[in-house]
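Dumped my_file_28.cif below, it's mmCIF, N, CA and C atoms:
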```cif
data_final
#
loop_
_atom_site.group_PDB
_atom_site.id
_atom_site.type_symbol
_atom_site.label_atom_id
_atom_site.label_comp_id
_atom_site.auth_asym_id
_atom_site.auth_seq_id
_atom_site.Cartn_x
_atom_site.Cartn_y
_atom_site.Cartn_z
ATOM 1 N N MET A 349 113.740 91.508 117.120
ATOM 2 C CA MET A 349 113.168 92.584 117.902
ATOM 3 C C MET A 349 111.669 92.552 117.692
ATOM 4 N N SER A 350 110.910 92.427 118.758
ATOM 5 C CA SER A 350 109.464 92.449 118.630
ATOM 6 C C SER A 350 108.935 93.778 119.151
ATOM 7 N N VAL A 351 107.803 94.166 118.632
ATOM 8 C CA VAL A 351 107.188 95.422 119.034
ATOM 9 C C VAL A 351 106.196 95.135 120.144
ATOM 10 N N ALA A 352 106.346 95.822 121.243
ATOM 11 C CA ALA A 352 105.453 95.629 122.388
ATOM 12 C C ALA A 352 104.495 96.804 122.469
ATOM 13 N N SER A 353 103.228 96.525 122.544
ATOM 14 C CA SER A 353 102.252 97.601 122.716
ATOM 15 C C SER A 353 101.570 97.489 124.069
ATOM 16 N N ALA A 354 101.203 96.295 124.432
ATOM 17 C CA ALA A 354 100.570 96.081 125.732
ATOM 18 C C ALA A 354 101.601 95.463 126.663
ATOM 19 N N GLN A 355 101.450 95.753 127.918
ATOM 20 C CA GLN A 355 102.390 95.219 128.898
ATOM 21 C C GLN A 355 101.635 94.418 129.933
ATOM 22 N N GLN A 356 102.181 93.283 130.253
ATOM 23 C CA GLN A 356 101.599 92.463 131.306
ATOM 24 C C GLN A 356 101.972 93.067 132.656
ATOM 25 N N PRO A 357 101.047 93.064 133.606
ATOM 26 C CA PRO A 357 101.372 93.581 134.937
ATOM 27 C C PRO A 357 102.580 92.851 135.529
ATOM 28 N N GLY A 358 103.461 93.603 136.139
ATOM 29 C CA GLY A 358 104.636 93.024 136.768
ATOM 30 C C GLY A 358 105.819 92.822 135.840
ATOM 31 N N THR A 359 105.647 93.093 134.545
ATOM 32 C CA THR A 359 106.745 92.954 133.598
ATOM 33 C C THR A 359 107.745 94.088 133.811
ATOM 34 N N PRO A 360 109.035 93.775 133.985
ATOM 35 C CA PRO A 360 110.022 94.832 134.154
ATOM 36 C C PRO A 360 110.150 95.668 132.874
ATOM 37 N N VAL A 361 110.310 96.970 133.054
ATOM 38 C CA VAL A 361 110.423 97.896 131.938
ATOM 39 C C VAL A 361 111.652 98.773 132.126
ATOM 40 N N ALA A 362 112.407 98.949 131.045
ATOM 41 C CA ALA A 362 113.490 99.926 131.006
ATOM 42 C C ALA A 362 113.017 101.064 130.118
ATOM 43 N N ARG A 363 112.872 102.246 130.692
ATOM 44 C CA ARG A 363 112.444 103.427 129.937
ATOM 45 C C ARG A 363 113.701 104.149 129.460
ATOM 46 N N VAL A 364 113.954 104.083 128.146
ATOM 47 C CA VAL A 364 115.176 104.634 127.573
ATOM 48 C C VAL A 364 114.839 105.844 126.728
ATOM 49 N N SER A 365 115.504 106.947 127.014
ATOM 50 C CA SER A 365 115.356 108.170 126.230
ATOM 51 C C SER A 365 116.698 108.508 125.600
ATOM 52 N N VAL A 366 116.646 108.876 124.324
ATOM 53 C CA VAL A 366 117.838 109.365 123.636
ATOM 54 C C VAL A 366 117.566 110.829 123.301
ATOM 55 N N LEU A 367 118.309 111.714 123.929
ATOM 56 C CA LEU A 367 118.115 113.137 123.715
ATOM 57 C C LEU A 367 118.845 113.598 122.463
ATOM 58 N N SER A 368 118.422 114.727 121.904
ATOM 59 C CA SER A 368 119.045 115.225 120.677
ATOM 60 C C SER A 368 120.513 115.565 120.895
ATOM 61 N N SER A 369 120.920 115.806 122.135
ATOM 62 C CA SER A 369 122.325 116.071 122.462
ATOM 63 C C SER A 369 123.172 114.800 122.417
ATOM 64 N N GLY A 370 122.502 113.627 122.347
ATOM 65 C CA GLY A 370 123.208 112.354 122.394
ATOM 66 C C GLY A 370 123.202 111.734 123.775
ATOM 67 N N GLU A 371 122.729 112.484 124.766
ATOM 68 C CA GLU A 371 122.670 111.941 126.122
ATOM 69 C C GLU A 371 121.651 110.811 126.185
ATOM 70 N N LEU A 372 121.982 109.784 126.942
ATOM 71 C CA LEU A 372 121.097 108.638 127.150
ATOM 72 C C LEU A 372 120.549 108.677 128.562
ATOM 73 N N LEU A 373 119.250 108.396 128.676
ATOM 74 C CA LEU A 373 118.616 108.319 129.983
ATOM 75 C C LEU A 373 118.002 106.943 130.144
ATOM 76 N N LEU A 374 118.162 106.385 131.320
ATOM 77 C CA LEU A 374 117.528 105.123 131.686
ATOM 78 C C LEU A 374 116.664 105.409 132.898
ATOM 79 N N ASN A 375 115.352 105.276 132.719
ATOM 80 C CA ASN A 375 114.398 105.575 133.790
ATOM 81 C C ASN A 375 114.632 106.971 134.368
ATOM 82 N N GLY A 376 114.928 107.930 133.473
ATOM 83 C CA GLY A 376 115.089 109.327 133.854
ATOM 84 C C GLY A 376 116.463 109.728 134.344
ATOM 85 N N GLN A 377 117.386 108.767 134.442
ATOM 86 C CA GLN A 377 118.731 109.045 134.946
ATOM 87 C C GLN A 377 119.757 108.887 133.827
ATOM 88 N N SER A 378 120.746 109.768 133.805
ATOM 89 C CA SER A 378 121.802 109.693 132.803
ATOM 90 C C SER A 378 122.489 108.330 132.884
ATOM 91 N N THR A 379 122.821 107.759 131.712
ATOM 92 C CA THR A 379 123.430 106.435 131.669
ATOM 93 C C THR A 379 124.399 106.362 130.492
ATOM 94 N N THR A 380 125.076 105.231 130.379
ATOM 95 C CA THR A 380 126.003 104.989 129.287
ATOM 96 C C THR A 380 125.569 103.740 128.527
ATOM 97 N N LEU A 381 126.153 103.524 127.370
ATOM 98 C CA LEU A 381 125.860 102.314 126.604
ATOM 99 C C LEU A 381 126.305 101.061 127.357
ATOM 100 N N VAL A 382 127.407 101.138 128.074
ATOM 101 C CA VAL A 382 127.886 99.993 128.856
ATOM 102 C C VAL A 382 126.865 99.645 129.937
ATOM 103 N N GLU A 383 126.334 100.661 130.606
ATOM 104 C CA GLU A 383 125.327 100.417 131.646
ATOM 105 C C GLU A 383 124.036 99.876 131.032
ATOM 106 N N LEU A 384 123.653 100.397 129.858
ATOM 107 C CA LEU A 384 122.461 99.886 129.181
ATOM 108 C C LEU A 384 122.633 98.431 128.785
ATOM 109 N N ASP A 385 123.810 98.077 128.309
ATOM 110 C CA ASP A 385 124.081 96.695 127.927
ATOM 111 C C ASP A 385 123.831 95.773 129.121
ATOM 112 N N ALA A 386 124.371 96.139 130.277
ATOM 113 C CA ALA A 386 124.185 95.323 131.481
ATOM 114 C C ALA A 386 122.716 95.270 131.888
ATOM 115 N N LYS A 387 122.036 96.404 131.827
ATOM 116 C CA LYS A 387 120.615 96.453 132.193
ATOM 117 C C LYS A 387 119.786 95.598 131.239
ATOM 118 N N PHE A 388 120.065 95.685 129.929
ATOM 119 C CA PHE A 388 119.310 94.903 128.949
ATOM 120 C C PHE A 388 119.541 93.407 129.140
ATOM 121 N N GLN A 389 120.760 93.023 129.528
ATOM 122 C CA GLN A 389 121.034 91.615 129.802
ATOM 123 C C GLN A 389 120.169 91.136 130.970
ATOM 124 N N GLN A 390 120.087 91.940 132.032
ATOM 125 C CA GLN A 390 119.234 91.608 133.175
ATOM 126 C C GLN A 390 117.766 91.566 132.759
ATOM 127 N N LEU A 391 117.368 92.552 131.961
ATOM 128 C CA LEU A 391 115.981 92.645 131.508
ATOM 129 C C LEU A 391 115.587 91.414 130.710
ATOM 130 N N LYS A 392 116.491 90.941 129.871
ATOM 131 C CA LYS A 392 116.233 89.741 129.071
ATOM 132 C C LYS A 392 115.976 88.544 129.977
ATOM 133 N N SER A 393 116.792 88.392 131.008
ATOM 134 C CA SER A 393 116.645 87.237 131.906
ATOM 135 C C SER A 393 115.352 87.296 132.715
ATOM 136 N N LYS A 394 114.771 88.488 132.851
ATOM 137 C CA LYS A 394 113.531 88.656 133.618
ATOM 138 C C LYS A 394 112.293 88.782 132.727
ATOM 139 N N GLY A 395 112.480 88.637 131.404
ATOM 140 C CA GLY A 395 111.348 88.738 130.490
ATOM 141 C C GLY A 395 110.817 90.152 130.337
ATOM 142 N N GLY A 396 111.693 91.135 130.489
ATOM 143 C CA GLY A 396 111.287 92.532 130.438
ATOM 144 C C GLY A 396 111.190 93.109 129.038
ATOM 145 N N THR A 397 110.861 94.379 128.990
ATOM 146 C CA THR A 397 110.685 95.090 127.726
ATOM 147 C C THR A 397 111.323 96.471 127.815
ATOM 148 N N VAL A 398 111.555 97.071 126.653
ATOM 149 C CA VAL A 398 112.139 98.404 126.563
ATOM 150 C C VAL A 398 111.082 99.372 126.045
ATOM 151 N N TRP A 399 110.898 100.466 126.749
ATOM 152 C CA TRP A 399 110.113 101.584 126.240
ATOM 153 C C TRP A 399 111.136 102.596 125.754
ATOM 154 N N TYR A 400 110.999 103.046 124.516
ATOM 155 C CA TYR A 400 112.023 103.856 123.864
ATOM 156 C C TYR A 400 111.434 105.168 123.372
ATOM 157 N N TYR A 401 112.097 106.254 123.707
ATOM 158 C CA TYR A 401 111.739 107.587 123.228
ATOM 159 C C TYR A 401 112.986 108.240 122.658
ATOM 160 N N ARG A 402 112.843 108.851 121.475
ATOM 161 C CA ARG A 402 113.960 109.593 120.878
ATOM 162 C C ARG A 402 113.516 111.010 120.612
ATOM 163 N N GLN A 403 114.202 111.951 121.249
ATOM 164 C CA GLN A 403 113.927 113.364 121.038
ATOM 165 C C GLN A 403 114.261 113.715 119.596
ATOM 166 N N ASP A 404 113.465 114.579 118.989
ATOM 167 C CA ASP A 404 113.660 115.002 117.599
ATOM 168 C C ASP A 404 113.659 113.792 116.667
ATOM 169 N N ALA A 405 112.613 112.983 116.799
ATOM 170 C CA ALA A 405 112.518 111.719 116.063
ATOM 171 C C ALA A 405 112.444 111.890 114.550
ATOM 172 N N GLN A 406 112.127 113.091 114.069
ATOM 173 C CA GLN A 406 112.053 113.324 112.623
ATOM 174 C C GLN A 406 113.436 113.450 111.995
ATOM 175 N N ALA A 407 114.453 113.765 112.797
ATOM 176 C CA ALA A 407 115.828 113.887 112.304
ATOM 177 C C ALA A 407 116.451 112.505 112.159
ATOM 178 N N GLU A 408 117.554 112.440 111.462
ATOM 179 C CA GLU A 408 118.298 111.188 111.347
ATOM 180 C C GLU A 408 118.722 110.740 112.741
ATOM 181 N N PRO A 409 118.641 109.450 113.026
ATOM 182 C CA PRO A 409 119.043 108.974 114.364
ATOM 183 C C PRO A 409 120.543 109.168 114.595
ATOM 184 N N SER A 410 120.865 109.539 115.807
ATOM 185 C CA SER A 410 122.269 109.710 116.184
ATOM 186 C C SER A 410 122.939 108.348 116.342
ATOM 187 N N ALA A 411 124.249 108.375 116.463
ATOM 188 C CA ALA A 411 125.002 107.137 116.702
ATOM 189 C C ALA A 411 124.537 106.491 118.008
ATOM 190 N N GLU A 412 124.236 107.307 119.004
ATOM 191 C CA GLU A 412 123.769 106.784 120.290
ATOM 192 C C GLU A 412 122.425 106.076 120.134
ATOM 193 N N ALA A 413 121.532 106.702 119.362
ATOM 194 C CA ALA A 413 120.213 106.091 119.136
ATOM 195 C C ALA A 413 120.354 104.751 118.428
ATOM 196 N N MET A 414 121.207 104.690 117.438
ATOM 197 C CA MET A 414 121.424 103.439 116.705
ATOM 198 C C MET A 414 122.039 102.382 117.623
ATOM 199 N N SER A 415 122.928 102.805 118.500
ATOM 200 C CA SER A 415 123.563 101.857 119.422
ATOM 201 C C SER A 415 122.555 101.267 120.397
ATOM 202 N N VAL A 416 121.598 102.075 120.846
ATOM 203 C CA VAL A 416 120.558 101.569 121.742
ATOM 204 C C VAL A 416 119.728 100.513 121.031
ATOM 205 N N VAL A 417 119.327 100.806 119.793
ATOM 206 C CA VAL A 417 118.526 99.848 119.027
ATOM 207 C C VAL A 417 119.318 98.563 118.798
ATOM 208 N N LYS A 418 120.612 98.675 118.538
ATOM 209 C CA LYS A 418 121.446 97.478 118.353
ATOM 210 C C LYS A 418 121.468 96.625 119.623
ATOM 211 N N LEU A 419 121.478 97.271 120.788
ATOM 212 C CA LEU A 419 121.440 96.513 122.043
ATOM 213 C C LEU A 419 120.094 95.809 122.215
ATOM 214 N N VAL A 420 119.016 96.479 121.820
ATOM 215 C CA VAL A 420 117.699 95.848 121.888
ATOM 216 C C VAL A 420 117.689 94.593 121.018
ATOM 217 N N VAL A 421 118.246 94.707 119.819
ATOM 218 C CA VAL A 421 118.317 93.562 118.904
ATOM 219 C C VAL A 421 119.222 92.475 119.480
ATOM 220 N N LYS A 422 120.370 92.876 120.024
ATOM 221 C CA LYS A 422 121.319 91.920 120.604
ATOM 222 C C LYS A 422 120.646 91.013 121.629
ATOM 223 N N TYR A 423 119.799 91.582 122.456
ATOM 224 C CA TYR A 423 119.135 90.806 123.508
ATOM 225 C C TYR A 423 117.723 90.369 123.117
ATOM 226 N N ALA A 424 117.325 90.643 121.881
ATOM 227 C CA ALA A 424 116.003 90.247 121.371
ATOM 228 C C ALA A 424 114.887 90.669 122.327
ATOM 229 N N LEU A 425 114.968 91.919 122.768
ATOM 230 C CA LEU A 425 113.983 92.445 123.707
ATOM 231 C C LEU A 425 112.786 93.034 122.966
ATOM 232 N N PRO A 426 111.596 92.867 123.519
ATOM 233 C CA PRO A 426 110.453 93.586 122.962
ATOM 234 C C PRO A 426 110.671 95.085 123.179
ATOM 235 N N ILE A 427 110.239 95.892 122.221
ATOM 236 C CA ILE A 427 110.420 97.338 122.322
ATOM 237 C C ILE A 427 109.107 98.030 122.014
ATOM 238 N N SER A 428 108.844 99.089 122.753
ATOM 239 C CA SER A 428 107.665 99.914 122.560
ATOM 240 C C SER A 428 108.146 101.340 122.328
ATOM 241 N N MET A 429 107.922 101.852 121.133
ATOM 242 C CA MET A 429 108.338 103.211 120.784
ATOM 243 C C MET A 429 107.307 104.203 121.316
ATOM 244 N N SER A 430 107.781 105.342 121.781
ATOM 245 C CA SER A 430 106.906 106.381 122.287
ATOM 246 C C SER A 430 107.235 107.707 121.618
ATOM 247 N N THR A 431 106.209 108.527 121.403
ATOM 248 C CA THR A 431 106.435 109.871 120.857
ATOM 249 C C THR A 431 106.507 110.911 121.970
ATOM 250 N N GLN A 432 106.228 110.496 123.193
ATOM 251 C CA GLN A 432 106.194 111.411 124.336
ATOM 252 C C GLN A 432 107.328 111.094 125.311
ATOM 253 N N PRO A 433 108.005 112.134 125.813
ATOM 254 C CA PRO A 433 109.110 111.883 126.746
ATOM 255 C C PRO A 433 108.681 111.244 128.062
ATOM 256 N N ASN A 434 107.380 111.298 128.380
ATOM 257 C CA ASN A 434 106.898 110.661 129.607
ATOM 258 C C ASN A 434 106.349 109.252 129.345
ATOM 259 N N PHE A 435 106.509 108.760 128.100
ATOM 260 C CA PHE A 435 106.107 107.408 127.705
ATOM 261 C C PHE A 435 104.604 107.169 127.860
ATOM 262 N N SER A 436 103.808 108.238 127.751
ATOM 263 C CA SER A 436 102.358 108.117 127.929
ATOM 264 C C SER A 436 101.665 107.552 126.693
ATOM 265 N N ASP A 437 102.425 107.324 125.627
ATOM 266 C CA ASP A 437 101.843 106.715 124.435
ATOM 267 C C ASP A 437 102.792 105.668 123.878
ATOM 268 N N TYR A 438 102.314 104.947 122.873
ATOM 269 C CA TYR A 438 103.155 104.015 122.130
ATOM 270 C C TYR A 438 102.762 104.113 120.664
ATOM 271 N N VAL A 439 103.674 103.719 119.798
ATOM 272 C CA VAL A 439 103.415 103.728 118.368
ATOM 273 C C VAL A 439 103.000 102.321 117.969
ATOM 274 N N ASP A 440 101.796 102.206 117.372
ATOM 275 C CA ASP A 440 101.292 100.890 116.994
ATOM 276 C C ASP A 440 101.930 100.405 115.686
ATOM 277 N N ASN A 441 101.547 99.225 115.239
ATOM 278 C CA ASN A 441 102.139 98.618 114.043
ATOM 279 C C ASN A 441 101.861 99.392 112.759
ATOM 280 N N GLN A 442 100.868 100.280 112.789
ATOM 281 C CA GLN A 442 100.561 101.104 111.631
ATOM 282 C C GLN A 442 101.209 102.484 111.723
ATOM 283 N N GLY A 443 101.993 102.715 112.766
ATOM 284 C CA GLY A 443 102.691 103.980 112.923
ATOM 285 C C GLY A 443 101.886 105.073 113.592
ATOM 286 N N HIS A 444 100.767 104.711 114.215
ATOM 287 C CA HIS A 444 99.926 105.688 114.908
ATOM 288 C C HIS A 444 100.228 105.684 116.400
ATOM 289 N N ALA A 445 100.279 106.882 116.964
ATOM 290 C CA ALA A 445 100.473 107.013 118.403
ATOM 291 C C ALA A 445 99.171 106.694 119.116
ATOM 292 N N ARG A 446 99.241 105.854 120.118
ATOM 293 C CA ARG A 446 98.085 105.440 120.915
ATOM 294 C C ARG A 446 98.397 105.691 122.389
ATOM 295 N N ALA A 447 97.368 106.041 123.142
ATOM 296 C CA ALA A 447 97.557 106.235 124.585
ATOM 297 C C ALA A 447 97.950 104.910 125.224
ATOM 298 N N ARG A 448 98.954 104.980 126.076
ATOM 299 C CA ARG A 448 99.390 103.785 126.800
ATOM 300 C C ARG A 448 98.456 103.575 127.981
ATOM 301 N N GLU A 449 98.031 102.347 128.181
ATOM 302 C CA GLU A 449 97.195 102.030 129.336
ATOM 303 C C GLU A 449 98.019 102.174 130.600
ATOM 304 N N PRO A 450 97.428 102.797 131.635
ATOM 305 C CA PRO A 450 98.201 102.979 132.884
ATOM 306 C C PRO A 450 98.497 101.665 133.580
#
```
Show how you would write the structure in this file as structure tokens.
Amino acid sequence: MSVASAQQPGTPVARVSVLSSGELLLNGQSTTLVELDAKFQQLKSKGGTVWYYRQDAQAEPSAEAMSVVKLVVKYALPISMSTQPNFSDYVDNQGHARAREP
């Protein structure tokens, strides 16, 4: 799993949110782990990346959150962690939130 901070123009992105309720969102729409698996497989073939946000990130990760990360590892996708639900930032290698370039 590599950490992605900058994105090349035209690179496909899957914006994944894990809510504290356990609900999973893919690009703002409710999804399942099975659907994410298929999407990540497609993303891998297109050289894409995952932008990941977890609500209540200070709490222990839920089973759903861990399953999403396992899928990222399974497909060896670059991942960019965000502290904002709108993905307007990313967490750098030192753990600092930085504004994401538009």
- request: Report the residues retrieved by the PyMOL selection byres ((chain A and resi 400) around 8) from the displayed file, expressed as a ChimeraX atom specification.
  value: /A:362-366,397-399,401-403,427-433,435
For atom N of Lys392 (chain A) and CA of Gln406 (chain A), the interatomic separation in Å (one decimal):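 Atom-to-atom, atom N of Lys392 (chain A) and CA of Gln406 (chain A) are spaced 28.6 Å apart.
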message: Can you measure atom N of Ala413 (chain A) to CA of Ser378 (chain A) for me? One decimal in Å is fine.
response: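 Answer for the atom N of Ala413 (chain A) to CA of Ser378 (chain A) separation: 13.8 Å.
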Please enclose the listed atoms of region 432-450 of chain A in an axis-aligned box, pad each side by 3 Å, and write out the centre and the three edge lengths in Å, rounded to one decimal, as lines of an AutoDock Vina configuration file.
```
center_x = 103.2
center_y = 105.4
center_z = 122.6
size_x = 17.9
size_y = 19.5
size_z = 27.9
```
message: Suppose a student applies the PyMOL selection byres (((chain A and resi 423 and name CA) around 10) and name CA) to this structure; what residues should they get, written as a PyMOL selection string?
response: chain A and resi 349+385+388-393+418-422+424-426
- prompt: Just asking: which residues within region 349-422 of chain A are alpha helix (DSSP H) according to DSSP, as a PyMOL selection string?
  reply: chain A and resi 381-393+411-422
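Of note, atom C of Arg448 (chain A) and CA of Asn375 (chain A) are spaced 17.1 Å apart.
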message: Starting from the PyMOL selection byres (((chain A and resi 381 and name CA) around 9) and name CA), expand the selection into actual residues of this file and give them as a ChimeraX atom specification.
response: /A:372,379-380,382-386,412,415-416,419
query: Please, which residues of chain A, numbered as in this document, come out strand (DSSP E) from DSSP, as a PyMOL selection string?
result: chain A and resi 361-366+372-374+377-379+397-402+427-430+437-439+445-447
- prompt: With distances taken over only N, CA and C atoms, which of A:Pro409, A:Gly443, A:Gly370, A:Pro360 is nearest to Gly395 (chain A)?
  reply: A:Pro360
Please return region 380-397 of chain A, rebuilt to N, CA, C and O atoms, as a short mmCIF file (atom, residue, chain, number, x, y, z; two decimals), in the coordinates of the input.
```cif
data_model
loop_
_atom_site.label_atom_id
_atom_site.label_comp_id
_atom_site.auth_asym_id
_atom_site.auth_seq_id
_atom_site.Cartn_x
_atom_site.Cartn_y
_atom_site.Cartn_z
N THR A 380 125.08 105.23 130.38
CA THR A 380 126.00 104.99 129.29
C THR A 380 125.57 103.74 128.53
O THR A 380 124.75 102.95 129.02
N LEU A 381 126.15 103.52 127.37
CA LEU A 381 125.86 102.31 126.60
C LEU A 381 126.30 101.06 127.36
O LEU A 381 125.63 100.03 127.30
N VAL A 382 127.41 101.14 128.07
CA VAL A 382 127.89 99.99 128.86
C VAL A 382 126.86 99.64 129.94
O VAL A 382 126.54 98.46 130.15
N GLU A 383 126.33 100.66 130.61
CA GLU A 383 125.33 100.42 131.65
C GLU A 383 124.04 99.88 131.03
O GLU A 383 123.40 98.98 131.61
N LEU A 384 123.65 100.40 129.86
CA LEU A 384 122.46 99.89 129.18
C LEU A 384 122.63 98.43 128.78
O LEU A 384 121.70 97.63 128.91
N ASP A 385 123.81 98.08 128.31
CA ASP A 385 124.08 96.70 127.93
C ASP A 385 123.83 95.77 129.12
O ASP A 385 123.14 94.76 129.00
N ALA A 386 124.37 96.14 130.28
CA ALA A 386 124.18 95.32 131.48
C ALA A 386 122.72 95.27 131.89
O ALA A 386 122.20 94.21 132.25
N LYS A 387 122.04 96.40 131.83
CA LYS A 387 120.62 96.45 132.19
C LYS A 387 119.79 95.60 131.24
O LYS A 387 118.89 94.87 131.67
N PHE A 388 120.06 95.68 129.93
CA PHE A 388 119.31 94.90 128.95
C PHE A 388 119.54 93.41 129.14
O PHE A 388 118.63 92.61 128.95
N GLN A 389 120.76 93.02 129.53
CA GLN A 389 121.03 91.62 129.80
C GLN A 389 120.17 91.14 130.97
O GLN A 389 119.57 90.06 130.91
N GLN A 390 120.09 91.94 132.03
CA GLN A 390 119.23 91.61 133.18
C GLN A 390 117.77 91.57 132.76
O GLN A 390 117.03 90.67 133.16
N LEU A 391 117.37 92.55 131.96
CA LEU A 391 115.98 92.64 131.51
C LEU A 391 115.59 91.41 130.71
O LEU A 391 114.49 90.88 130.87
N LYS A 392 116.49 90.94 129.87
CA LYS A 392 116.23 89.74 129.07
C LYS A 392 115.98 88.54 129.98
O LYS A 392 115.03 87.78 129.76
N SER A 393 116.79 88.39 131.01
CA SER A 393 116.64 87.24 131.91
C SER A 393 115.35 87.30 132.72
O SER A 393 114.87 86.28 133.20
N LYS A 394 114.77 88.49 132.85
CA LYS A 394 113.53 88.66 133.62
C LYS A 394 112.29 88.78 132.73
O LYS A 394 111.20 89.04 133.23
N GLY A 395 112.48 88.64 131.40
CA GLY A 395 111.35 88.74 130.49
C GLY A 395 110.82 90.15 130.34
O GLY A 395 109.63 90.35 130.08
N GLY A 396 111.69 91.14 130.49
CA GLY A 396 111.29 92.53 130.44
C GLY A 396 111.19 93.11 129.04
O GLY A 396 111.41 92.42 128.04
N THR A 397 110.86 94.38 128.99
CA THR A 397 110.68 95.09 127.73
C THR A 397 111.32 96.47 127.82
O THR A 397 111.58 96.98 128.90
#
```
